[in-house]
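Below: the structure, in structure tokens.
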Amino acid sequence: YPDENDEELIAIMKSDPRICPYLDMPIQHISNRILKRMHRKTSREQIETTLKLLQKHLPNVVVRTSLMVGFPGETEEEFEELIEFVKKGWIHHLGVFAYSREKDSHSDQLDGHISQELKEKRYEKLMQVQLENVRKQNQKLIGEKLEVMIEGYSEESSYLLRGRYYGQCPDVDGQVIINEFDLVDAFYQRYLVEITGVSDYDLIGKVLKKSS
């Protein structure tokens, strides 16, 4: 959680190479009023302070989070506040959820419930903003050499392999598609891969050598 990522924890992550610089940090929203209605402990200011600390001390850190649109009472201005926050590029991987009523829950009793149509429109808009973020972030990785765990053949073709670098969580993030892999002699081994292109959420690369 954002309030638990203090400088002491970040220093430990920085000092110990066994710790993967990847954080799944639930945020849910960025509007202070909506955060209070959600009974969240943190404010926008605390969230942004944590993200700045991470970028300062762990420049290669990858952050995943989840955000909710359409929470009861969310105004158009508060939704746009969320859009502008995401546009800043703090978040590498993002899960977006449209609010769904759960009988007898705290939020079910709140006023200002939003139509399903509007929730879906906000969901689509936020996902599109994040896709543009991902494309920009992935473009920056072209030419980089990353250690990739090769996991097997691509679901799209047996002429391609798939793998992940440390910034890609299984099943929920993108993957690395390998189109040159003559040097691969076993799956579930680490290889040095040069990133040569992108395909929306996925990276494309070629194997250079087996990692030592």
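Naming works like this for the structure tokens: A, B, ... for the chains as they're shown, residue 1 at the start of each chain, ligands 1 onward in shown order.
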Sorted by chain and rising residue number, which residues of segment 137-194 of chain A lie within 12 Å of segment 60-79 of chain A, and what are their closest atom pairs and distances in Å to one decimal, counting only C-alpha atoms, as CSV?
```
residue,atom,partner,partner_atom,distance
A:Gln137,CA,A:Val62,CA,10.8
A:Leu141,CA,A:Asn60,CA,11.5
A:Leu146,CA,A:Asn60,CA,11.8
A:Tyr165,CA,A:Val62,CA,10.9
A:Tyr166,CA,A:Val62,CA,8.5
A:Gly167,CA,A:Val62,CA,5.6
A:Gln168,CA,A:Val62,CA,8.5
A:Cys169,CA,A:Arg64,CA,9.2
A:Val172,CA,A:Arg64,CA,9.7
A:Asp173,CA,A:Arg64,CA,8.8
A:Gly174,CA,A:Arg64,CA,11.8
```
Name the residues of segment 37-192 of chain A that fall into alpha helix (DSSP H) according to DSSP on the backbone, using the chain letters and numbers of this document, as a count of residues only. 51
For segment 177-185 of chain A, work out the shell of residues within 6 Å, counting only C-alpha atoms and skipping chain neighbours fewer than 3 positions away, then give it as a VMD selection string. chain A and resid 160 to 162 204 to 207
With a distance cut-off of 10 Å and only C-alpha atoms, select the neighbouring residues of segment 35-50 of chain A, excluding the residue or stretch itself and same-chain residues fewer than 4 positions from it, and output the selection as a PyMOL selection string. chain A and resi 1-7+10+25+27-31+54-56+71-74+85+90+106-107+110
Applying 7 Å and only C-alpha atoms, which residues near Val148 of chain A remain after dropping the ones on its own chain fewer than 4 positions away? List them as a ChimeraX atom specification. /A:163-165,190-193
Those residues you just picked out, can you put them in a file as an mmCIF file, in the first residue's frame with all heavy atoms?
```cif
data_model
loop_
_atom_site.group_PDB
_atom_site.id
_atom_site.type_symbol
_atom_site.label_atom_id
_atom_site.label_comp_id
_atom_site.auth_asym_id
_atom_site.auth_seq_id
_atom_site.Cartn_x
_atom_site.Cartn_y
_atom_site.Cartn_z
ATOM 1 N N GLY A 163 8.303 -14.912 -23.355
ATOM 2 C CA GLY A 163 9.007 -14.849 -22.079
ATOM 3 C C GLY A 163 8.648 -13.564 -21.353
ATOM 4 O O GLY A 163 7.800 -12.786 -21.805
ATOM 5 N N ARG A 164 9.297 -13.335 -20.213
ATOM 6 C CA ARG A 164 9.033 -12.148 -19.402
ATOM 7 C C ARG A 164 10.333 -11.639 -18.803
ATOM 8 O O ARG A 164 11.203 -12.428 -18.444
ATOM 9 C CB ARG A 164 8.058 -12.474 -18.260
ATOM 10 C CG ARG A 164 6.660 -12.855 -18.677
ATOM 11 C CD ARG A 164 5.804 -13.234 -17.481
ATOM 12 N NE ARG A 164 6.270 -14.469 -16.843
ATOM 13 C CZ ARG A 164 6.850 -14.539 -15.654
ATOM 14 N NH1 ARG A 164 7.066 -13.445 -14.946
ATOM 15 N NH2 ARG A 164 7.234 -15.696 -15.154
ATOM 16 N N TYR A 165 10.426 -10.309 -18.717
ATOM 17 C CA TYR A 165 11.513 -9.732 -17.918
ATOM 18 C C TYR A 165 10.921 -9.354 -16.566
ATOM 19 O O TYR A 165 9.717 -9.544 -16.329
ATOM 20 C CB TYR A 165 12.165 -8.555 -18.652
ATOM 21 C CG TYR A 165 11.481 -7.222 -18.529
ATOM 22 C CD1 TYR A 165 12.002 -6.228 -17.704
ATOM 23 C CD2 TYR A 165 10.320 -6.931 -19.247
ATOM 24 C CE1 TYR A 165 11.387 -4.993 -17.591
ATOM 25 C CE2 TYR A 165 9.705 -5.693 -19.140
ATOM 26 C CZ TYR A 165 10.231 -4.736 -18.313
ATOM 27 O OH TYR A 165 9.603 -3.511 -18.197
ATOM 28 N N ARG A 190 17.036 -18.244 -18.213
ATOM 29 C CA ARG A 190 17.161 -16.818 -18.478
ATOM 30 C C ARG A 190 18.123 -16.574 -19.641
ATOM 31 O O ARG A 190 19.199 -17.166 -19.701
ATOM 32 C CB ARG A 190 17.650 -16.084 -17.229
ATOM 33 C CG ARG A 190 16.651 -16.064 -16.086
ATOM 34 C CD ARG A 190 17.184 -15.213 -14.937
ATOM 35 N NE ARG A 190 16.227 -15.103 -13.848
ATOM 36 C CZ ARG A 190 16.159 -15.931 -12.819
ATOM 37 N NH1 ARG A 190 17.008 -16.955 -12.744
ATOM 38 N NH2 ARG A 190 15.262 -15.755 -11.869
ATOM 39 N N TYR A 191 17.716 -15.661 -20.529
ATOM 40 C CA TYR A 191 18.527 -15.291 -21.683
ATOM 41 C C TYR A 191 18.581 -13.769 -21.795
ATOM 42 O O TYR A 191 17.630 -13.072 -21.410
ATOM 43 C CB TYR A 191 17.940 -15.864 -22.974
ATOM 44 C CG TYR A 191 18.026 -17.367 -23.063
ATOM 45 C CD1 TYR A 191 17.063 -18.168 -22.468
ATOM 46 C CD2 TYR A 191 19.080 -17.993 -23.737
ATOM 47 C CE1 TYR A 191 17.142 -19.556 -22.534
ATOM 48 C CE2 TYR A 191 19.160 -19.376 -23.811
ATOM 49 C CZ TYR A 191 18.194 -20.151 -23.209
ATOM 50 O OH TYR A 191 18.272 -21.516 -23.272
ATOM 51 N N LEU A 192 19.686 -13.283 -22.329
ATOM 52 C CA LEU A 192 19.802 -11.856 -22.602
ATOM 53 C C LEU A 192 19.122 -11.580 -23.937
ATOM 54 O O LEU A 192 19.476 -12.182 -24.962
ATOM 55 C CB LEU A 192 21.271 -11.430 -22.647
ATOM 56 C CG LEU A 192 21.511 -9.912 -22.698
ATOM 57 C CD1 LEU A 192 21.029 -9.248 -21.406
ATOM 58 C CD2 LEU A 192 22.984 -9.616 -22.925
ATOM 59 N N VAL A 193 18.159 -10.682 -23.920
ATOM 60 C CA VAL A 193 17.345 -10.405 -25.101
ATOM 61 C C VAL A 193 17.437 -8.923 -25.447
ATOM 62 O O VAL A 193 17.269 -8.059 -24.584
ATOM 63 C CB VAL A 193 15.873 -10.794 -24.855
ATOM 64 C CG1 VAL A 193 14.985 -10.346 -26.012
ATOM 65 C CG2 VAL A 193 15.749 -12.301 -24.651
#
```
Quick one, how far is atom CA of Glu84 of chain A from atom CA of Leu126 of chain A?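 We find that atom CA of Glu84 of chain A and atom CA of Leu126 of chain A lie 9.8 Å from each other.
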Separating atom CA of Gln116 of chain A from atom CA of Arg101 of chain A, to the nearest tenth of an Å, is a gap of 10.7 Å
